[in-house]
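Text of my_file-v1.cif, listed as mmCIF, C-alpha atoms:
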```cif
data_protein
loop_
_atom_site.label_atom_id
_atom_site.label_comp_id
_atom_site.auth_asym_id
_atom_site.auth_seq_id
_atom_site.Cartn_x
_atom_site.Cartn_y
_atom_site.Cartn_z
CA MET K 34 20.82 46.33 -64.22
CA PRO K 35 21.38 42.86 -65.62
CA GLY K 36 24.61 41.16 -64.73
CA LEU K 37 25.47 43.26 -61.68
CA GLY K 38 25.93 41.03 -58.66
CA TRP K 39 25.67 43.23 -55.56
CA GLU K 40 25.15 41.08 -52.52
CA ASP K 41 23.24 43.32 -50.10
CA TRP K 42 20.87 46.16 -50.91
CA THR K 43 18.61 45.95 -47.85
CA VAL K 44 19.81 49.24 -46.37
CA ALA K 45 17.83 51.08 -49.07
CA LYS K 46 14.71 48.96 -48.52
CA VAL K 47 14.44 48.56 -52.29
CA ASP K 48 15.78 46.19 -54.94
CA PRO K 49 17.91 48.33 -57.30
CA ASN K 50 17.45 45.80 -60.06
CA CYS K 51 13.73 46.62 -59.97
CA LEU K 52 13.68 50.36 -59.35
CA PRO K 53 10.44 51.96 -60.59
CA ALA K 54 10.82 53.52 -64.02
CA ASP K 55 10.62 57.09 -62.68
CA TRP K 56 13.25 56.55 -59.94
CA GLY K 57 16.94 57.16 -60.35
CA TRP K 58 20.39 57.63 -58.85
CA LYS K 59 22.14 60.86 -57.86
CA VAL K 60 25.77 61.46 -56.92
CA THR K 61 26.82 64.39 -54.73
CA ARG K 62 29.70 65.48 -52.58
CA PRO K 63 30.05 63.30 -49.46
CA SER K 64 28.46 66.13 -47.48
CA GLY K 65 25.27 65.77 -49.53
CA ARG K 66 25.70 69.01 -51.43
CA GLY K 67 25.67 69.01 -55.22
CA PHE K 68 28.74 69.19 -57.44
CA ASP K 69 29.85 72.16 -59.53
CA ASP K 70 27.18 74.86 -59.73
CA ASP K 71 24.55 72.83 -57.85
CA PRO K 72 24.30 74.39 -54.35
CA VAL K 73 21.46 72.14 -53.10
CA ASP K 74 21.93 70.26 -49.81
CA TYR K 75 20.32 66.92 -50.69
CA GLY K 76 21.11 65.49 -47.28
CA ALA K 77 19.09 68.25 -45.62
CA SER K 78 16.19 67.68 -48.00
CA LEU K 79 16.08 64.01 -47.00
CA ARG K 80 16.29 64.87 -43.31
CA ASP K 81 13.53 67.48 -43.63
CA HIS K 82 11.36 65.36 -45.99
CA ARG K 83 11.44 68.26 -48.43
CA SER K 84 11.11 68.16 -52.22
CA ILE K 85 13.57 70.35 -54.14
CA LEU K 86 12.14 72.57 -56.87
CA ILE K 87 13.96 72.18 -60.21
CA GLU K 88 14.92 75.53 -61.69
CA GLU K 89 15.82 76.51 -65.24
CA ALA K 90 17.82 79.44 -63.86
CA PRO K 91 18.13 80.83 -60.33
CA GLY K 92 14.64 81.82 -59.25
CA VAL K 93 13.02 80.54 -62.48
CA PRO K 94 11.14 77.24 -62.05
CA LEU K 95 11.53 74.75 -64.88
CA ARG K 96 8.30 73.70 -66.59
CA ARG K 97 8.10 70.49 -68.60
CA ARG K 98 5.41 67.99 -69.56
CA LYS K 99 7.77 65.03 -69.09
CA GLN K 100 10.29 64.22 -66.37
CA PRO K 101 13.21 66.67 -66.73
CA TRP K 102 16.08 64.18 -66.69
CA HIS K 103 18.21 66.57 -68.74
CA ARG K 104 18.28 68.96 -65.78
CA ALA K 105 19.49 66.25 -63.41
CA ALA K 106 22.41 65.17 -65.62
CA PRO K 107 25.35 64.66 -65.51
CA HIS K 108 25.23 63.73 -61.83
CA ALA K 109 22.02 61.71 -61.96
CA THR K 110 20.62 58.87 -64.06
CA GLY K 111 17.53 56.74 -64.39
CA GLY K 112 17.15 53.47 -62.55
CA SER K 113 18.60 51.29 -65.32
CA TYR K 114 22.25 52.25 -64.78
CA LEU K 115 24.38 54.05 -62.21
CA PRO K 116 25.86 57.53 -62.80
CA PHE K 117 29.56 58.15 -63.32
CA THR K 118 31.33 61.05 -61.71
CA THR K 119 34.97 61.98 -62.10
CA GLU K 120 34.92 63.37 -58.57
CA ILE K 121 36.26 61.21 -55.75
CA PRO K 122 34.99 60.95 -53.07
CA PHE K 123 31.22 61.14 -53.59
CA GLY K 124 27.88 60.24 -52.02
CA LEU K 125 25.11 58.17 -53.66
CA TRP K 126 21.35 58.64 -53.31
CA ILE K 127 18.07 57.23 -54.65
CA PHE K 128 15.66 59.93 -55.83
CA THR K 129 12.64 60.53 -58.00
CA PHE K 130 10.95 63.43 -59.78
CA VAL K 131 7.67 64.62 -58.30
CA PRO K 132 5.29 66.64 -60.53
CA ARG K 133 3.66 69.69 -58.99
CA ASP K 134 -0.07 70.33 -59.37
CA ASP K 135 0.39 73.57 -61.34
CA GLU K 136 0.16 72.57 -65.00
CA GLU K 137 0.15 75.36 -67.57
CA ARG K 138 0.40 75.38 -71.34
CA SER K 139 4.19 75.04 -71.15
CA GLY K 140 4.00 72.16 -68.67
CA ARG K 141 4.22 71.78 -64.92
CA THR K 142 6.96 72.37 -62.40
CA TRP K 143 8.87 69.44 -60.90
CA GLY K 144 10.60 68.64 -57.66
CA GLN K 145 13.32 66.16 -56.74
CA THR K 146 12.58 63.96 -53.75
CA ILE K 147 15.47 62.11 -52.12
CA TRP K 148 14.30 58.73 -50.80
CA SER K 149 17.45 57.24 -49.35
CA ARG K 150 21.22 57.55 -49.09
CA VAL K 151 23.01 54.33 -50.01
CA PRO K 152 26.69 53.33 -49.79
CA ALA K 153 28.74 55.11 -52.44
CA TRP K 154 30.57 51.90 -53.29
CA TRP K 155 27.41 50.62 -54.98
CA ALA K 156 28.29 52.90 -57.92
CA LEU K 157 31.57 51.00 -58.30
CA GLY K 158 30.10 47.54 -58.89
CA PRO K 159 29.87 44.21 -57.07
CA GLN K 160 33.41 44.63 -55.70
CA GLY K 161 32.82 48.31 -55.07
CA ARG K 162 34.30 48.41 -51.58
CA THR K 163 37.52 46.85 -52.87
CA ALA K 164 37.47 49.19 -55.90
CA ALA K 165 37.21 52.19 -53.57
CA ALA K 166 40.12 50.81 -51.54
CA LEU K 167 42.18 50.37 -54.74
CA ILE K 168 41.50 53.97 -55.80
CA ALA K 169 42.48 55.27 -52.35
CA ARG K 170 45.66 53.17 -52.37
CA VAL K 171 46.70 54.33 -55.84
CA GLU K 172 46.21 57.97 -54.81
CA LYS K 173 48.90 57.51 -52.13
CA LEU K 174 51.58 55.80 -54.24
CA THR K 175 55.16 56.91 -53.72
CA TRP K 176 57.54 57.04 -56.67
CA ASP K 177 59.26 53.89 -55.42
CA GLU K 178 55.90 52.12 -55.49
CA VAL K 179 55.23 53.40 -59.00
CA LEU K 180 58.56 51.91 -60.07
CA ALA K 181 57.66 48.65 -58.30
CA LEU K 182 54.44 48.51 -60.34
CA ARG K 183 56.45 49.09 -63.50
CA ARG K 184 58.79 46.19 -62.72
CA SER K 185 56.00 43.87 -61.54
CA TYR K 186 54.19 44.14 -64.87
CA ASP K 187 57.16 42.58 -66.66
CA LYS K 188 57.53 39.95 -63.94
CA ALA K 189 53.86 38.94 -64.16
CA TRP K 190 53.78 38.91 -67.96
CA PRO K 191 57.22 38.48 -69.52
CA THR K 192 57.37 39.66 -73.14
CA ASP K 193 58.14 36.14 -74.38
CA ARG K 194 54.82 34.70 -73.16
CA GLU K 195 51.96 37.15 -73.31
CA ASP K 196 48.93 36.34 -71.15
CA PRO K 197 45.65 36.95 -73.04
CA ALA K 198 43.82 37.82 -69.79
CA TRP K 199 43.25 41.45 -70.83
CA TYR K 200 41.50 40.43 -74.06
CA GLU K 201 39.52 37.72 -72.31
CA ALA K 202 38.32 40.29 -69.76
CA GLN K 203 37.28 42.70 -72.52
CA ASP K 204 35.20 39.97 -74.16
CA LEU K 205 33.66 38.86 -70.86
CA ALA K 206 32.73 42.41 -69.88
CA ALA K 207 31.12 43.04 -73.27
CA ALA K 208 29.17 39.77 -73.17
CA THR K 209 27.81 40.28 -69.63
CA GLY K 210 26.92 43.97 -69.58
CA ARG K 211 29.99 44.94 -67.55
CA ALA K 212 31.78 47.03 -70.19
CA GLN K 213 30.50 50.33 -68.78
CA LEU K 214 31.46 49.36 -65.24
CA LYS K 215 34.92 48.27 -66.42
CA ASN K 216 35.46 51.60 -68.15
CA VAL K 217 34.28 53.52 -65.08
CA LEU K 218 36.72 51.72 -62.79
CA ILE K 219 39.58 52.22 -65.26
CA LYS K 220 38.84 55.97 -65.49
CA HIS K 221 38.75 56.32 -61.70
CA THR K 222 42.00 54.39 -61.32
CA GLU K 223 43.80 56.35 -64.04
CA ALA K 224 42.65 59.60 -62.41
CA ALA K 225 43.87 58.38 -59.01
CA LEU K 226 47.27 57.60 -60.50
CA GLY K 227 47.40 61.18 -61.73
CA ARG K 228 46.82 62.43 -58.17
CA THR K 229 49.67 60.48 -56.56
CA PRO K 230 52.30 62.23 -54.44
CA ALA K 231 54.79 61.14 -57.12
CA ARG K 232 53.00 63.40 -59.63
CA VAL K 233 52.95 66.25 -57.11
CA HIS K 234 56.73 65.99 -56.71
CA GLY K 235 57.37 66.31 -60.42
CA LYS K 236 57.49 62.66 -61.39
CA ARG K 237 55.55 61.73 -64.51
CA VAL K 238 53.46 58.62 -65.11
CA ARG K 239 53.14 58.15 -68.85
CA ASP K 240 49.94 57.02 -70.55
CA SER K 241 50.01 53.31 -71.46
CA SER K 242 53.05 52.83 -69.22
CA ASP K 243 53.53 49.51 -67.46
CA GLU K 244 52.63 51.04 -64.10
CA GLN K 245 49.39 52.43 -65.55
CA LYS K 246 48.57 49.05 -67.07
CA SER K 247 49.18 47.35 -63.72
CA VAL K 248 46.56 49.41 -61.88
CA CYS K 249 44.09 49.47 -64.79
CA PHE K 250 44.28 45.70 -65.11
CA ALA K 251 43.47 45.52 -61.40
CA ALA K 252 40.46 47.78 -61.91
CA THR K 253 39.28 45.54 -64.76
CA ALA K 254 39.70 42.50 -62.52
CA LEU K 255 37.34 44.01 -59.95
CA ALA K 256 34.71 44.64 -62.64
CA ILE K 257 34.49 40.94 -63.51
CA GLU K 258 35.81 39.16 -60.39
CA ASP K 259 32.45 37.63 -59.41
CA LEU K 260 31.99 36.30 -62.96
CA SER K 261 35.47 34.75 -63.35
CA PRO K 262 37.62 34.69 -60.18
CA GLY K 263 40.46 32.91 -61.95
CA LEU K 264 40.63 35.51 -64.72
CA ALA K 265 40.53 38.28 -62.12
CA GLN K 266 43.50 36.79 -60.28
CA ARG K 267 45.53 36.76 -63.49
CA LEU K 268 44.75 40.44 -64.04
CA LEU K 269 45.65 41.26 -60.44
CA GLY K 270 49.08 39.65 -60.80
CA PRO K 271 51.22 42.78 -61.35
CA LEU K 272 49.49 44.72 -58.55
CA HIS K 273 49.86 41.79 -56.16
CA LEU K 274 53.59 41.49 -56.81
CA ALA K 275 54.16 45.19 -56.11
CA LEU K 276 51.61 46.15 -53.45
CA GLY K 277 50.24 42.93 -52.00
CA GLU K 278 46.68 41.60 -51.81
CA VAL K 279 44.14 44.18 -53.01
CA TYR K 280 41.43 42.76 -50.74
CA THR K 281 43.46 43.79 -47.67
CA TYR K 282 43.58 47.49 -48.56
CA PRO K 283 41.59 49.67 -46.12
CA VAL K 284 38.24 50.87 -47.45
CA PRO K 285 37.96 54.69 -47.34
CA PRO K 286 35.17 55.96 -45.06
CA TRP K 287 33.29 57.74 -47.87
CA ALA K 288 32.61 54.43 -49.62
CA ASP K 289 30.49 53.09 -46.73
CA SER K 290 29.12 56.38 -45.44
CA LEU K 291 25.35 56.73 -44.99
#
```
As a first step, turn the structure in this file into structure tokens.
Amino acid sequence: MPGLGWEDWTVAKVDPNCLPADWGWKVTRPSGRGFDDDPVDYGASLRDHRSILIEEAPGVPLRRRKQPWHRAAPHATGGSYLPFTTEIPFGLWIFTFVPRDDEERSGRTWGQTIWSRVPAWWALGPQGRTAAALIARVEKLTWDEVLALRRSYDKAWPTDREDPAWYEAQDLAAATGRAQLKNVLIKHTEAALGRTPARVHGKRVRDSSDEQKSVCFAATALAIEDLSPGLAQRLLGPLHLALGEVYTYPVPPWADSL
């Protein structure tokens, strides 16, 4: 994963920048159970040192000659990039496919072996703990705070002197392999804004509104902060004026959970 600057991976006893080619990442519910129609308890499989048979349909083992990555998607990826899930909160795991010794003409069956649970914030980038805190904070915005974000955008960037920070961040993310991470953090933050109590009480946050820009610019800042701290601070300006220092927000427990 070139360009990603995580500072401490020792809990997994493996360097994620050098995961073996047949290893990958899996996201689940915080409990360890799969999302959607995946009923597997991956936490229990790790605890019991048990491989999970991959099925094509309930009770029908999947047979393939090559690793069945298509059956693990969309909540799992290979080792070269981290998976995206629209669900918050989530858990993050390192796993691999294990072939069974039962090859037939149509292929062999495969199992999933979970090797380790790692902090979920890893899937949110080098500033993942802060990104998780931002998402949690945005989810709890009152309507007064939404209005404060709207006003702070104009205060940070008056219309008569536009700051090119947004375009500079786009270029930096594209040049350093951070574009996907930037987009992931923006999607999570936009979704969090849609879950605010203000929305529940009938207030509407419009797409491309100043309040939406304020939080999405903050998400972009966290995607590139370790590459250009000064640029990140410019992007964080509207959020800082309305809600204070993002690095002081409490980190939700799911982000650090192991």
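In terms of minimum interatomic distance to Gly227 of chain K, K:Lys173 ranks closest within K:Lys173, K:Arg138, K:Arg133, K:Arg184, counting all atoms listed in the file.
Among the candidate residues K:Ala224, K:Ala251, K:Ala90, K:Ile257, the one lying nearest to Ala207 of chain K is K:Ile257, with distances computed using all atoms listed in the file.
For the residues K:Asp81, K:Glu120, K:Glu136, K:Asp204, ranking by smallest atom-to-atom distance to Ala153 of chain K using all atoms listed in the file places K:Glu120 first.
The coordinates place atom CA of Pro271 of chain K at 5.5 Å from atom CA of Ser247 of chain K.
Distance-wise, atom CA of Ala256 of chain K and atom CA of Thr110 of chain K end up 20.1 Å apart.
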Pick out the closest residue to Phe68 of chain K from this set: K:Ile121, K:Ile87, K:Ala206, K:Leu276. Count only C-alpha atoms. K:Ile121
Using the chain letters and numbers from the file, which residues does the PyMOL selection byres ((chain K and resi 165) around 7) grab, as a PyMOL selection string? chain K and resi 154+161-164+166-169+284-285+288
Produce a file of the selected residues containing C-alpha atoms, as a JSON list (two decimals), in the coordinates of the input.
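Writing the result to part_8.json gives the following:
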```
[["chain", "number", "residue", "atom", "x", "y", "z"],
["K", 154, "TRP", "CA", 30.57, 51.90, -53.29],
["K", 161, "GLY", "CA", 32.82, 48.31, -55.07],
["K", 162, "ARG", "CA", 34.30, 48.41, -51.58],
["K", 163, "THR", "CA", 37.52, 46.85, -52.87],
["K", 164, "ALA", "CA", 37.47, 49.19, -55.90],
["K", 166, "ALA", "CA", 40.12, 50.81, -51.54],
["K", 167, "LEU", "CA", 42.18, 50.37, -54.74],
["K", 168, "ILE", "CA", 41.50, 53.97, -55.80],
["K", 169, "ALA", "CA", 42.48, 55.27, -52.35],
["K", 284, "VAL", "CA", 38.24, 50.87, -47.45],
["K", 285, "PRO", "CA", 37.96, 54.69, -47.34],
["K", 288, "ALA", "CA", 32.61, 54.43, -49.62]]
```
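One finds atom CA of Pro72 of chain K at 26.0 Å from atom CA of Lys220 of chain K.
Using the PyMOL selection byres ((chain K and resi 130) around 7) on this structure selects K:Asp55, K:Gln100, K:Thr129, K:Val131, K:Pro132, K:Trp143, K:Gly144, K:Gln145, K:Thr146.
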Same residues, C-alpha atoms, output as a PDB file, keeping the file's coordinate frame:
```pdb
ATOM      1  CA  ASP K  55      10.620  57.090 -62.680  1.00  0.00           C
ATOM      2  CA  GLN K 100      10.290  64.220 -66.370  1.00  0.00           C
ATOM      3  CA  THR K 129      12.640  60.530 -58.000  1.00  0.00           C
ATOM      4  CA  VAL K 131       7.670  64.620 -58.300  1.00  0.00           C
ATOM      5  CA  PRO K 132       5.290  66.640 -60.530  1.00  0.00           C
ATOM      6  CA  TRP K 143       8.870  69.440 -60.900  1.00  0.00           C
ATOM      7  CA  GLY K 144      10.600  68.640 -57.660  1.00  0.00           C
ATOM      8  CA  GLN K 145      13.320  66.160 -56.740  1.00  0.00           C
ATOM      9  CA  THR K 146      12.580  63.960 -53.750  1.00  0.00           C
TER      10      THR K 146
END
```
With all atoms listed in the file as the basis for distance, which of K:Gly270, K:Gly124, K:Gly76, K:Gly210 is at the shortest distance from Val60 of chain K? K:Gly124
Pull out every residue that the PyMOL selection byres ((chain K and resi 253) around 10) matches in the shown coordinates and put them as number ranges by chain. K: 164, 199, 202-203, 206, 211-212, 214-219, 222, 248-252, 254-258, 265, 268-269
Determine, counting only C-alpha atoms, which protein, DNA and RNA residues have an atom within 8 Å of an atom of segment 243-245 of chain K; residues of the same chain fewer than 2 positions away are not included. Present the result as a ChimeraX atom specification. /K:179-180,182-184,186-187,223,226,238-241,247-249
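Residue nearest Ser78 of chain K within the list K:Ile147, K:Ala275, K:Leu125, K:Ala156: K:Ile147 [criterion: smallest interatomic distance, all atoms listed in the file].
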Select all residues near (25.4, 61.2, -51.3) (cut-off 8 Å, inclusive, file coordinates), counting only C-alpha atoms, and output them as an MDAnalysis selection string. chainID K and resid 59:66 75:76 123:126 150:151 153 291
Export segment 59-71 of chain K from the structure block above, keeping all heavy atoms, as a tab-separated table (two decimals), in the first residue's frame.
```
chain	number	residue	atom	x	y	z
K	59	LYS	N	-10.67	-8.18	5.88
K	59	LYS	CA	-12.11	-8.42	5.95
K	59	LYS	C	-12.71	-7.45	6.97
K	59	LYS	O	-12.14	-7.23	8.04
K	59	LYS	CB	-12.42	-9.86	6.38
K	59	LYS	CG	-13.91	-10.14	6.54
K	59	LYS	CD	-14.18	-11.59	6.87
K	59	LYS	CE	-13.99	-12.47	5.67
K	59	LYS	NZ	-15.02	-12.23	4.62
K	60	VAL	N	-13.86	-6.87	6.60
K	60	VAL	CA	-14.61	-6.04	7.54
K	60	VAL	C	-15.89	-6.76	7.94
K	60	VAL	O	-16.51	-7.46	7.13
K	60	VAL	CB	-14.95	-4.65	6.95
K	60	VAL	CG1	-13.71	-3.79	6.86
K	60	VAL	CG2	-15.62	-4.76	5.60
K	61	THR	N	-16.25	-6.62	9.22
K	61	THR	CA	-17.42	-7.27	9.78
K	61	THR	C	-18.14	-6.29	10.70
K	61	THR	O	-17.70	-5.16	10.89
K	61	THR	CB	-17.02	-8.50	10.62
K	61	THR	OG1	-16.30	-8.04	11.79
K	61	THR	CG2	-16.14	-9.45	9.83
K	62	ARG	N	-19.20	-6.74	11.29
K	62	ARG	CA	-19.78	-5.98	12.39
K	62	ARG	C	-18.79	-5.97	13.55
K	62	ARG	O	-17.93	-6.86	13.64
K	62	ARG	CB	-21.10	-6.62	12.84
K	62	ARG	CG	-22.15	-6.71	11.73
K	62	ARG	CD	-23.44	-7.35	12.25
K	62	ARG	NE	-24.33	-7.66	11.14
K	62	ARG	CZ	-25.13	-6.78	10.55
K	62	ARG	NH1	-25.14	-5.54	10.98
K	62	ARG	NH2	-25.90	-7.14	9.54
K	63	PRO	N	-18.89	-5.01	14.46
K	63	PRO	CA	-17.96	-4.99	15.60
K	63	PRO	C	-17.97	-6.28	16.40
K	63	PRO	O	-16.96	-6.67	17.00
K	63	PRO	CB	-18.45	-3.81	16.43
K	63	PRO	CG	-19.10	-2.90	15.45
K	63	PRO	CD	-19.76	-3.81	14.45
K	64	SER	N	-19.10	-6.98	16.40
K	64	SER	CA	-19.20	-8.24	17.14
K	64	SER	C	-18.38	-9.35	16.52
K	64	SER	O	-18.12	-10.38	17.17
K	64	SER	CB	-20.67	-8.69	17.19
K	64	SER	OG	-21.14	-9.00	15.87
K	65	GLY	N	-17.97	-9.17	15.25
K	65	GLY	CA	-17.25	-10.22	14.54
K	65	GLY	C	-18.11	-10.98	13.56
K	65	GLY	O	-17.60	-11.78	12.77
K	66	ARG	N	-19.41	-10.75	13.59
K	66	ARG	CA	-20.29	-11.41	12.63
K	66	ARG	C	-20.31	-10.63	11.32
K	66	ARG	O	-20.10	-9.43	11.28
K	66	ARG	CB	-21.72	-11.53	13.18
K	66	ARG	CG	-21.82	-12.51	14.34
K	66	ARG	CD	-23.26	-12.84	14.69
K	66	ARG	NE	-23.32	-13.84	15.74
K	66	ARG	CZ	-23.28	-15.15	15.53
K	66	ARG	NH1	-23.20	-15.61	14.29
K	66	ARG	NH2	-23.34	-16.01	16.53
K	67	GLY	N	-20.59	-11.38	10.22
K	67	GLY	CA	-20.58	-10.77	8.91
K	67	GLY	C	-21.73	-9.81	8.70
K	67	GLY	O	-22.72	-9.80	9.44
K	68	PHE	N	-21.60	-8.97	7.68
K	68	PHE	CA	-22.65	-8.03	7.31
K	68	PHE	C	-23.68	-8.71	6.41
K	68	PHE	O	-23.41	-9.75	5.79
K	68	PHE	CB	-22.07	-6.84	6.55
K	68	PHE	CG	-21.35	-5.86	7.42
K	68	PHE	CD1	-19.99	-5.64	7.26
K	68	PHE	CD2	-22.03	-5.13	8.39
K	68	PHE	CE1	-19.32	-4.72	8.06
K	68	PHE	CE2	-21.38	-4.21	9.19
K	68	PHE	CZ	-20.01	-4.01	9.02
K	69	ASP	N	-24.84	-8.09	6.31
K	69	ASP	CA	-25.88	-8.49	5.36
K	69	ASP	C	-26.28	-9.94	5.55
K	69	ASP	O	-26.67	-10.33	6.63
K	69	ASP	CB	-25.42	-8.21	3.92
K	69	ASP	CG	-25.07	-6.75	3.69
K	69	ASP	OD1	-25.68	-5.89	4.37
K	69	ASP	OD2	-24.18	-6.46	2.88
K	70	ASP	N	-26.12	-10.76	4.47
K	70	ASP	CA	-26.58	-12.14	4.55
K	70	ASP	C	-25.46	-13.10	4.95
K	70	ASP	O	-25.55	-14.30	4.72
K	70	ASP	CB	-27.18	-12.58	3.21
K	70	ASP	CG	-26.18	-12.45	2.06
K	70	ASP	OD1	-25.09	-11.87	2.27
K	70	ASP	OD2	-26.49	-12.92	0.95
K	71	ASP	N	-24.39	-12.58	5.53
K	71	ASP	CA	-23.26	-13.40	5.97
K	71	ASP	C	-23.40	-13.65	7.48
K	71	ASP	O	-23.12	-12.77	8.28
K	71	ASP	CB	-21.95	-12.68	5.68
K	71	ASP	CG	-20.73	-13.50	6.07
K	71	ASP	OD1	-20.91	-14.62	6.57
K	71	ASP	OD2	-19.60	-13.01	5.89
```
